[in-house]
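> So here's start-v3.cif, just mmCIF, C-alpha atoms:
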```
data_data
#
loop_
_atom_site.label_atom_id
_atom_site.label_comp_id
_atom_site.auth_asym_id
_atom_site.auth_seq_id
_atom_site.Cartn_x
_atom_site.Cartn_y
_atom_site.Cartn_z
CA MET A 1 0.00 0.00 0.00
CA SER A 2 1.32 3.41 -0.99
CA ARG A 3 0.99 6.48 1.21
CA TYR A 4 0.36 10.01 -0.07
CA LEU A 5 0.44 13.21 1.97
CA PHE A 6 -1.39 16.47 1.19
CA PHE A 7 0.46 19.55 2.45
CA VAL A 8 -2.04 22.39 2.89
CA SER A 9 -1.36 26.05 3.58
CA GLU A 10 -4.54 27.68 2.20
CA LEU A 11 -8.23 26.79 2.13
CA TYR A 12 -8.33 26.63 -1.67
CA ALA A 13 -6.10 23.54 -1.52
CA LEU A 14 -8.98 21.35 -0.34
CA ALA A 15 -10.88 21.52 -3.63
CA ILE A 16 -7.66 20.79 -5.55
CA LEU A 17 -6.59 17.79 -3.48
CA ARG A 18 -9.86 16.04 -2.67
CA PRO A 19 -10.26 14.59 -6.19
CA LEU A 20 -6.77 13.09 -5.74
CA GLN A 21 -7.81 11.66 -2.39
CA GLN A 22 -10.83 10.02 -4.03
CA VAL A 23 -8.67 8.25 -6.61
CA ILE A 24 -6.07 7.23 -4.01
CA ARG A 25 -8.74 5.64 -1.87
CA ALA A 26 -10.40 3.95 -4.85
CA ARG A 27 -7.23 2.07 -5.66
CA GLY A 28 -6.73 0.94 -2.06
CA ASP A 29 -3.93 3.31 -1.06
CA GLU A 30 -3.76 5.68 1.91
CA ALA A 31 -4.01 9.48 2.02
CA ALA A 32 -3.36 11.87 4.90
CA TRP A 33 -3.38 15.64 5.43
CA PHE A 34 -0.97 18.03 7.10
CA PHE A 35 -2.34 21.54 7.69
CA GLU A 36 0.03 24.42 8.20
CA ARG A 37 -2.65 26.40 10.07
CA GLU A 38 -5.42 25.33 12.42
CA SER A 39 -7.84 27.79 10.81
CA VAL A 40 -7.68 25.72 7.61
CA ALA A 41 -7.62 22.39 9.44
CA ALA A 42 -11.08 23.25 10.77
CA TYR A 43 -12.43 22.47 7.25
CA ALA A 44 -11.15 18.88 7.28
CA ARG A 45 -13.86 16.25 7.04
CA ALA A 46 -14.47 13.65 9.70
CA ASP A 47 -13.33 10.80 7.44
CA GLU A 48 -10.06 12.50 6.42
CA GLN A 49 -6.90 11.32 8.14
CA ARG A 50 -4.97 14.18 9.64
CA LEU A 51 -1.35 14.18 10.79
CA ALA A 52 -1.14 16.84 13.46
CA SER A 53 2.63 17.26 13.81
CA VAL A 54 5.81 17.18 11.77
CA ARG A 55 6.97 14.18 13.78
CA ALA A 56 3.77 12.33 12.83
CA VAL A 57 4.49 13.01 9.15
CA ILE A 58 8.06 11.74 9.44
CA ASP A 59 6.94 8.61 11.28
CA TRP A 60 4.17 7.98 8.71
CA ARG A 61 6.73 8.14 5.87
CA PRO A 62 4.67 9.16 2.84
CA ASP A 63 5.84 8.01 -0.57
CA ALA A 64 4.90 11.40 -2.05
CA VAL A 65 3.74 14.84 -0.88
CA PHE A 66 1.27 16.78 -3.05
CA VAL A 67 1.37 20.57 -2.80
CA PRO A 68 -0.88 23.17 -4.49
CA GLY A 69 1.43 25.96 -3.35
CA ASN A 70 4.94 27.29 -3.78
CA TRP A 71 6.79 25.60 -0.91
CA VAL A 72 7.04 22.28 0.89
CA PRO A 73 9.20 21.31 3.89
CA HIS A 74 12.37 19.64 2.64
CA PHE A 75 12.45 17.43 5.75
CA PHE A 76 9.14 15.72 4.91
CA PRO A 77 9.79 12.23 3.49
CA GLY A 78 8.72 11.37 -0.03
CA LEU A 79 8.69 12.75 -3.55
CA LYS A 80 7.64 16.43 -3.61
CA VAL A 81 4.95 17.03 -6.24
CA GLU A 82 3.69 20.45 -7.35
CA VAL A 83 0.05 20.36 -8.52
CA PHE A 84 -0.50 24.17 -8.66
CA HIS A 85 -2.98 26.43 -6.92
CA GLY A 86 -4.46 27.79 -10.15
CA PHE A 87 -3.78 28.98 -13.69
CA SER A 88 -1.50 31.89 -14.53
CA VAL A 89 -3.71 34.99 -14.82
CA GLY A 90 -1.17 37.80 -14.92
CA LYS A 91 -1.47 39.13 -11.38
CA ARG A 92 2.33 38.99 -11.07
CA SER A 93 5.23 38.83 -13.46
CA GLU A 94 6.05 35.29 -14.60
CA SER A 95 9.44 35.43 -12.83
CA ARG A 96 7.69 36.09 -9.50
CA GLY A 97 4.55 34.05 -9.95
CA HIS A 98 3.42 30.91 -11.79
CA PHE A 99 6.77 29.98 -13.35
CA ARG A 100 9.08 30.64 -10.43
CA VAL A 101 11.15 27.60 -9.45
CA ARG A 102 12.32 27.61 -5.84
CA GLY A 103 14.13 24.26 -5.72
CA SER A 104 11.50 22.53 -3.59
CA PHE A 105 9.93 20.04 -6.00
CA ASP A 106 10.91 16.82 -7.73
CA LEU A 107 7.93 16.71 -10.10
CA TYR A 108 5.70 19.36 -11.67
CA CYS A 109 2.31 18.05 -12.86
CA THR A 110 1.29 20.68 -15.38
CA GLN A 111 -2.24 21.59 -16.44
CA GLY A 112 -1.85 21.93 -20.21
CA PRO A 113 0.49 23.09 -23.01
CA ASP A 114 0.43 26.71 -21.80
CA THR A 115 2.06 25.60 -18.53
CA THR A 116 3.98 22.59 -19.79
CA ALA A 117 6.17 24.37 -22.34
CA PRO A 118 7.65 26.96 -19.91
CA PHE A 119 8.31 24.29 -17.28
CA GLN A 120 9.94 21.97 -19.80
CA ALA A 121 12.24 24.84 -20.76
CA LEU A 122 13.10 25.32 -17.08
CA GLN A 123 13.61 21.57 -16.72
CA ARG A 124 16.17 21.61 -19.54
CA GLN A 125 17.87 24.67 -18.04
CA LEU A 126 17.97 23.55 -14.39
CA GLY A 127 17.83 19.76 -14.59
CA PHE A 128 16.82 18.88 -11.03
CA PHE A 129 13.10 18.12 -11.51
CA ARG A 130 10.74 16.33 -13.89
CA VAL A 131 7.72 17.70 -15.73
CA GLU A 132 4.64 15.75 -16.83
CA GLU A 133 1.45 17.17 -18.32
CA THR A 134 -1.50 15.67 -16.48
CA GLY A 135 -4.31 18.21 -16.26
CA TRP A 136 -5.51 19.71 -12.99
CA PRO A 137 -7.20 17.57 -10.32
CA LYS A 138 -9.46 20.40 -9.16
CA LEU A 139 -11.45 20.28 -12.41
CA ASP A 140 -12.11 16.53 -12.34
CA PRO A 141 -15.51 16.79 -10.58
CA LEU A 142 -16.63 19.44 -13.08
CA PHE A 143 -15.87 17.31 -16.13
CA ALA A 144 -17.03 14.10 -14.45
CA ARG A 145 -20.44 15.81 -14.11
CA GLN A 146 -20.52 15.50 -10.32
CA TYR A 147 -22.43 18.78 -10.00
CA PRO A 148 -26.05 19.43 -10.96
CA SER A 149 -26.61 21.71 -13.93
CA LYS A 150 -28.47 24.95 -13.44
CA HIS A 151 -32.03 24.80 -12.16
CA SER A 152 -33.18 28.13 -13.59
CA GLU A 153 -34.66 28.49 -17.07
CA ARG A 154 -33.49 32.11 -17.10
CA PRO A 155 -29.90 33.06 -17.97
CA VAL A 156 -27.64 32.77 -14.92
CA ILE A 157 -24.78 35.23 -14.42
CA LEU A 158 -22.10 34.31 -11.89
CA TYR A 159 -20.13 37.19 -10.38
CA ALA A 160 -16.81 36.41 -8.67
CA SER A 161 -13.98 38.83 -8.00
CA THR A 162 -10.38 38.69 -6.86
CA PHE A 163 -9.78 39.96 -3.33
CA THR A 164 -6.60 41.82 -4.38
CA GLU A 165 -7.54 45.40 -3.56
CA SER A 166 -5.66 47.02 -6.44
CA ILE A 167 -7.49 45.02 -9.14
CA THR A 168 -10.80 43.92 -7.61
CA SER A 169 -13.99 45.08 -9.31
CA ALA A 170 -16.18 44.34 -6.29
CA ARG A 171 -16.51 47.89 -5.00
CA THR A 172 -16.89 49.44 -8.47
CA LEU A 173 -19.50 47.04 -9.87
CA ARG A 174 -21.67 46.63 -6.79
CA ASP A 175 -24.25 49.26 -7.85
CA THR A 176 -24.38 47.95 -11.44
CA ILE A 177 -25.10 44.41 -10.21
CA ALA A 178 -27.61 45.69 -7.66
CA ALA A 179 -29.57 47.61 -10.31
CA SER A 180 -29.65 44.65 -12.69
CA ALA A 181 -30.84 42.31 -9.95
CA GLN A 182 -33.48 44.80 -8.89
CA ARG A 183 -34.85 44.92 -12.46
CA GLY A 184 -34.68 41.14 -12.79
CA ASP A 185 -32.56 41.25 -15.98
CA TRP A 186 -31.16 37.78 -15.26
CA GLN A 187 -30.65 35.41 -12.36
CA TRP A 188 -27.49 36.41 -10.47
CA LEU A 189 -25.16 34.20 -8.45
CA VAL A 190 -22.57 36.09 -6.39
CA THR A 191 -19.61 34.62 -4.52
CA LEU A 192 -16.62 36.42 -3.02
CA HIS A 193 -13.26 35.26 -1.74
CA PRO A 194 -13.14 34.82 2.06
CA LYS A 195 -10.19 37.25 2.14
CA MET A 196 -12.33 40.02 0.64
CA ALA A 197 -12.84 43.03 2.91
CA PRO A 198 -15.72 42.21 5.32
CA GLU A 199 -17.63 45.39 4.48
CA VAL A 200 -17.63 44.43 0.78
CA ILE A 201 -18.93 40.95 1.57
CA ASP A 202 -21.66 42.45 3.74
CA SER A 203 -22.66 44.90 0.99
CA TYR A 204 -23.23 42.05 -1.47
CA ARG A 205 -24.95 39.85 1.06
CA ALA A 206 -27.45 42.69 1.52
CA LEU A 207 -28.44 42.36 -2.17
CA GLU A 208 -29.97 38.92 -1.78
CA GLY A 209 -33.45 38.66 -3.22
CA PRO A 210 -35.55 36.85 -5.83
CA HIS A 211 -33.05 37.63 -8.62
CA LEU A 212 -29.76 37.39 -6.72
CA ARG A 213 -28.33 34.64 -4.54
CA PHE A 214 -25.17 35.27 -2.52
CA GLN A 215 -23.11 32.22 -1.59
CA MET A 216 -19.76 31.87 0.15
CA THR A 217 -18.29 28.48 -0.67
CA ASP A 218 -15.04 26.52 -0.55
CA ASP A 219 -16.08 24.68 -3.73
CA ILE A 220 -16.86 27.13 -6.51
CA LEU A 221 -17.16 24.39 -9.15
CA GLU A 222 -20.81 23.90 -8.28
CA LEU A 223 -21.46 27.54 -9.20
CA TYR A 224 -19.53 27.17 -12.47
CA ALA A 225 -21.84 24.33 -13.47
CA GLN A 226 -24.95 26.43 -12.78
CA ALA A 227 -23.87 29.61 -14.61
CA ASP A 228 -24.18 30.55 -18.28
CA VAL A 229 -21.73 33.47 -18.10
CA LEU A 230 -19.11 34.67 -15.62
CA LEU A 231 -18.52 38.31 -14.73
CA SER A 232 -15.14 38.90 -13.10
CA ASP A 233 -11.87 40.86 -13.31
CA THR A 234 -8.27 39.58 -13.07
CA SER A 235 -9.24 36.58 -10.96
CA SER A 236 -8.10 32.96 -11.02
CA VAL A 237 -11.74 31.96 -11.59
CA VAL A 238 -11.61 33.34 -15.15
CA PRO A 239 -9.50 30.58 -16.80
CA GLU A 240 -11.20 27.91 -14.67
CA PHE A 241 -14.62 28.97 -15.95
CA LEU A 242 -13.39 29.17 -19.56
CA THR A 243 -12.38 25.49 -19.55
CA GLN A 244 -16.12 24.73 -19.71
CA HIS A 245 -16.30 26.58 -23.07
CA LYS A 246 -18.55 29.20 -21.50
CA PRO A 247 -18.08 32.97 -22.03
CA VAL A 248 -16.59 35.43 -19.55
CA VAL A 249 -16.96 39.20 -19.26
CA THR A 250 -14.07 40.85 -17.42
CA PHE A 251 -13.70 44.31 -15.96
CA ARG A 252 -10.26 45.84 -16.63
CA ASN A 253 -8.50 42.50 -16.91
CA ARG A 254 -4.71 42.77 -16.73
CA LYS A 255 -4.16 40.13 -19.41
CA PRO A 256 -7.07 40.46 -21.87
CA GLY A 257 -7.33 38.41 -25.04
CA PRO A 258 -9.82 37.33 -27.70
CA GLN A 259 -11.22 34.69 -25.34
CA LEU A 260 -12.62 37.46 -23.09
CA LEU A 261 -15.14 40.25 -23.46
CA ASP A 262 -13.13 42.82 -21.50
CA VAL A 263 -14.65 46.21 -20.65
CA GLN A 264 -13.24 49.35 -19.07
CA SER A 265 -16.30 51.15 -17.68
CA GLU A 266 -19.36 50.22 -15.64
CA THR A 267 -21.71 51.26 -18.47
CA GLU A 268 -20.21 48.58 -20.74
CA VAL A 269 -20.79 45.68 -18.35
CA LEU A 270 -24.45 44.82 -18.96
CA PRO A 271 -24.28 45.13 -22.79
CA ALA A 272 -21.22 42.87 -22.72
CA LEU A 273 -23.10 40.30 -20.64
CA GLN A 274 -25.96 40.33 -23.15
CA ARG A 275 -23.47 39.79 -25.99
CA ALA A 276 -21.85 36.92 -24.07
CA LEU A 277 -25.23 35.23 -23.67
CA GLU A 278 -25.62 35.32 -27.46
CA ARG A 279 -22.37 33.33 -27.79
CA PRO A 280 -21.02 34.82 -31.03
CA GLU A 281 -18.95 32.26 -32.92
CA PRO A 282 -15.69 34.29 -33.08
CA LEU A 283 -15.75 34.56 -29.29
CA MET A 284 -16.63 30.89 -28.76
CA SER A 285 -13.90 29.78 -31.17
CA ALA A 286 -11.33 31.86 -29.24
CA ILE A 287 -12.57 30.36 -25.96
CA ARG A 288 -12.19 26.80 -27.25
CA GLU A 289 -8.69 27.52 -28.54
CA TYR A 290 -7.67 29.12 -25.23
CA ALA A 291 -9.17 26.29 -23.15
CA ASP A 292 -7.26 23.70 -25.17
CA ARG A 293 -4.03 25.56 -24.42
CA ILE A 294 -4.49 25.83 -20.68
CA HIS A 295 -6.39 22.57 -19.97
CA PRO A 296 -7.29 20.26 -22.88
CA TYR A 297 -8.45 17.44 -20.59
CA ARG A 298 -12.23 17.14 -20.37
CA ASP A 299 -12.46 13.53 -19.18
CA GLY A 300 -12.38 14.11 -15.40
CA ARG A 301 -9.32 11.88 -15.02
CA SER A 302 -6.50 14.33 -14.31
CA SER A 303 -6.08 12.95 -10.78
CA GLU A 304 -5.40 9.51 -12.23
CA ARG A 305 -2.75 10.98 -14.51
CA VAL A 306 -1.13 12.85 -11.58
CA LEU A 307 -0.88 9.62 -9.58
CA ALA A 308 0.51 7.70 -12.56
CA ALA A 309 3.16 10.39 -13.13
CA THR A 310 4.00 10.38 -9.42
CA ASP A 311 4.43 6.61 -9.34
CA ARG A 312 6.72 6.76 -12.38
CA ALA A 313 8.82 9.46 -10.71
CA ILE A 314 9.05 7.43 -7.50
CA ARG A 315 10.30 4.42 -9.46
CA SER A 316 12.86 6.54 -11.33
CA GLY A 317 14.19 8.20 -8.19
CA ARG A 318 16.86 10.81 -8.92
CA ASP A 319 18.22 8.94 -11.96
CA GLY A 320 19.20 11.42 -14.65
CA LEU A 321 18.52 14.46 -12.46
CA LYS A 322 20.94 16.99 -11.05
CA ARG A 323 21.11 17.61 -7.34
CA LYS A 324 18.57 20.11 -6.01
CA PRO A 325 19.99 23.46 -4.90
CA LEU A 326 20.85 23.49 -1.20
CA ASN A 327 18.99 26.75 -0.43
CA LEU A 328 20.08 26.89 3.22
CA TRP A 329 18.11 30.07 3.88
CA ARG A 330 14.87 28.55 2.60
CA ARG A 331 15.49 25.39 4.62
CA LEU A 332 15.97 27.46 7.75
CA GLN A 333 12.77 29.39 6.96
CA ALA A 334 10.84 26.13 6.54
CA ARG A 335 11.97 24.85 9.94
CA GLN A 336 11.17 28.17 11.58
CA ARG A 337 7.76 28.32 9.89
CA LEU A 338 6.76 24.92 11.27
CA GLY A 339 8.75 25.16 14.51
CA TYR A 340 10.62 21.95 13.81
CA TRP A 341 14.35 21.57 14.55
CA GLY A 342 14.73 17.77 14.62
CA PHE A 343 16.88 15.74 12.23
#
```
Turn this file's structure into structure tokens for me.


Amino acid sequence: MSRYLFFVSELYALAILRPLQQVIRARGDEAAWFFERESVAAYARADEQRLASVRAVIDWRPDAVFVPGNWVPHFFPGLKVEVFHGFSVGKRSESRGHFRVRGSFDLYCTQGPDTTAPFQALQRQLGFFRVEETGWPKLDPLFARQYPSKHSERPVILYASTFTESITSARTLRDTIAASAQRGDWQWLVTLHPKMAPEVIDSYRALEGPHLRFQMTDDILELYAQADVLLSDTSSVVPEFLTQHKPVVTFRNRKPGPQLLDVQSETEVLPALQRALERPEPLMSAIREYADRIHPYRDGRSSERVLAATDRAIRSGRDGLKRKPLNLWRRLQARQRLGYWGF
């Protein structure tokens, strides 16, 4: 029996890793969780095995550690596998964000060609890790049709915004969304990131009514399945939603392209939503082309591919790879962060 550990720093990791857990269990192997913070551990389910200390992880001796983040303790046993926290959306420069290699991982399981090519280039340049294109586990339930489709005959608009204050549209578009919901233009679904300013969350919660439902959730995929169109900004939800081949209207997106209907002013938002609902073929063709670049897998089996790639990497060991950089400062930071000084 193989053992696989999930290293979790943020709440969003749960939706990414649970499809992997499902596949691990189905094949008779064992999964366990290590939470960096108790506030996130509170969301663990009763049937999920939790390792509450670093010593418990070391004694458990996982064969691999899956991480949807940018760091993992070097002193954890097992192959270190990066499964990514989201798609690259242009919030940061590539050298600081999605494509930054910190020397922590043995295997990068990439989401699609758009991610694979840059990491393969880095693999050739640096030589101390492997890259396999697998698709992204988070999207498995969406493509495996584990969520009910929408239960409204009217068009459904989902609004979701980044919490990053400098680029969020939440404050600016609140009155536009409120007026549309008041008129009953469409059926609105609204969800906001838990890190959004509390007064902004409260202002949207106050809009609930017959034409607008506000929902905070740790699993946004259910809302994707129910919506016809997404309204957003420069948020990680944008590429996720596009993988369904559904249109997105963005407000002042930092990385616009033909796959988006991007607008600059509040007055353009509602006309753009109406155009998105009409699904013009040039737009839909651009969406399909973009989705195939970032995540061509629509079979709901990315978790299986991640596990297969992980097992191959475990069997190969470090054969053919250079030694990882020592990074003494990062190693010291990792020990300090978890308060662990054993060897």

> What do you get, as JSON, numbers by chain, if you spell out every residue that the PyMOL selection byres ((chain A and resi 276-291) around 6) selects here?

{"A": [243, 245, 247, 258, 259, 273, 274, 275, 292, 293, 294, 295]}

> Tell me, as a PyMOL selection string, which residues lie within 9 Å of range 321-335 of chain A, counting all atoms listed in the file; anything in the same chain fewer than 6 positions away does not count.

chain A and resi 71-75+102-106+126-130+341-342

> If we count all atoms listed in the file, what is near Val65 in chain A at a cut-off of 10 Å, once residues fewer than 3 positions away on the same chain are taken out, given as a count of residues only?

22

> Using all atoms listed in the file, find the one residue out of A:Glu165, A:Ala64, A:Ile157, A:Trp136 that sits nearest to Val249 in chain A.

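Smallest distance to Val249 in chain A is found for A:Ile157.
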
> Need the shell around Tyr224 in chain A: protein/DNA/RNA residues with any atom at most 9 Å away, counting only C-alpha atoms. Skip same-chain ones fewer than 3 positions apart. Format as an MDAnalysis selection string?

chainID A and resid 142 158 220:221 227:230 240:241 244

> Quick one: distance from CA of Pro137 in chain A to CA of Ser152 in chain A in Å, one decimal?

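The value is 28.2 Å.
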
> Could you please give me, as a PyMOL selection string, the residues of protein, DNA or RNA lying at most 12 Å from (-35.2, 31.1, -17.8) in the coordinate frame of the file, considering only C-alpha atoms?

chain A and resi 150-157+184-188+211+227-228

> Pull C-alpha atoms from the residues just selected and write them as a short mmCIF file (atom, residue, chain, number, x, y, z; two decimals), in the coordinates of the input.


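Produced file part.cif, reproduced below:
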```cif
data_model
loop_
_atom_site.label_atom_id
_atom_site.label_comp_id
_atom_site.auth_asym_id
_atom_site.auth_seq_id
_atom_site.Cartn_x
_atom_site.Cartn_y
_atom_site.Cartn_z
CA LYS A 150 -28.47 24.95 -13.44
CA HIS A 151 -32.03 24.80 -12.16
CA SER A 152 -33.18 28.13 -13.59
CA GLU A 153 -34.66 28.49 -17.07
CA ARG A 154 -33.49 32.11 -17.10
CA PRO A 155 -29.90 33.06 -17.97
CA VAL A 156 -27.64 32.77 -14.92
CA ILE A 157 -24.78 35.23 -14.42
CA GLY A 184 -34.68 41.14 -12.79
CA ASP A 185 -32.56 41.25 -15.98
CA TRP A 186 -31.16 37.78 -15.26
CA GLN A 187 -30.65 35.41 -12.36
CA TRP A 188 -27.49 36.41 -10.47
CA HIS A 211 -33.05 37.63 -8.62
CA ALA A 227 -23.87 29.61 -14.61
CA ASP A 228 -24.18 30.55 -18.28
#
```

> What residues come out when you apply the PyMOL selection byres ((chain A and resi 216) around 9) to this file, written as a PyMOL selection string?

chain A and resi 190-194+214-215+217-220

> So what do you get for CA of Val248 in chain A versus CA of Gln146 in chain A, distance-wise?

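Computing the Euclidean distance for CA of Val248 in chain A and CA of Gln146 in chain A yields 22.3 Å.
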
> Find the residues near Ala309 in chain A: any atom within 12 Å, counting all atoms listed in the file, skip ones fewer than 2 places away on the same chain, and give them as a VMD selection string.

chain A and resid 64 79 81 to 83 106 to 110 130 to 135 302 to 307 311 to 316

> Work out how far apart CA of Lys246 in chain A and CA of Ala144 in chain A are and give it in Å to one decimal.

16.7 Å

> Which residue, A:Ala181, A:Val263, A:Leu11, A:Arg213, has the smallest gap to Ala42 in chain A when you use all atoms listed in the file?

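Selected residue with least distance to Ala42 in chain A: A:Leu11.
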
> My list of candidates is A:Ala197, A:Pro296, A:Leu173, A:Asn253. Which is closest to Asp114 in chain A when distances are computed with all atoms listed in the file?

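Going through A:Ala197, A:Pro296, A:Leu173, A:Asn253 one by one, the smallest distance to Asp114 in chain A is for A:Pro296.
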
> From the options A:Leu51, A:Leu231, A:Val200, A:Leu212, which residue's atoms come nearest to Ala179 in chain A, counting all atoms listed in the file?

A:Leu212

> Step by step, work through what the PyMOL selection byres ((chain A and resi 68) around 9) selects in the shown file, and finish by giving those residues as a PyMOL selection string.

chain A and resi 6-10+12-13+16-17+66-67+69-71+81-86

> Box for range 7-20 of chain A: with edges along x, y and z, all listed atoms inside and 3 Å added on each side, what are the centre and edge lengths in Å to one decimal, as JSON?


```
{"center_x": -5.2, "center_y": 20.4, "center_z": -1.3, "size_x": 17.3, "size_y": 20.6, "size_z": 15.8}
```

> If you count only C-alpha atoms, which residues fall within 12 Å of Ser265 in chain A, apart from same-chain ones fewer than 5 positions away, as an MDAnalysis selection string?

chainID A and resid 169 172:173 176 250:253 270:272
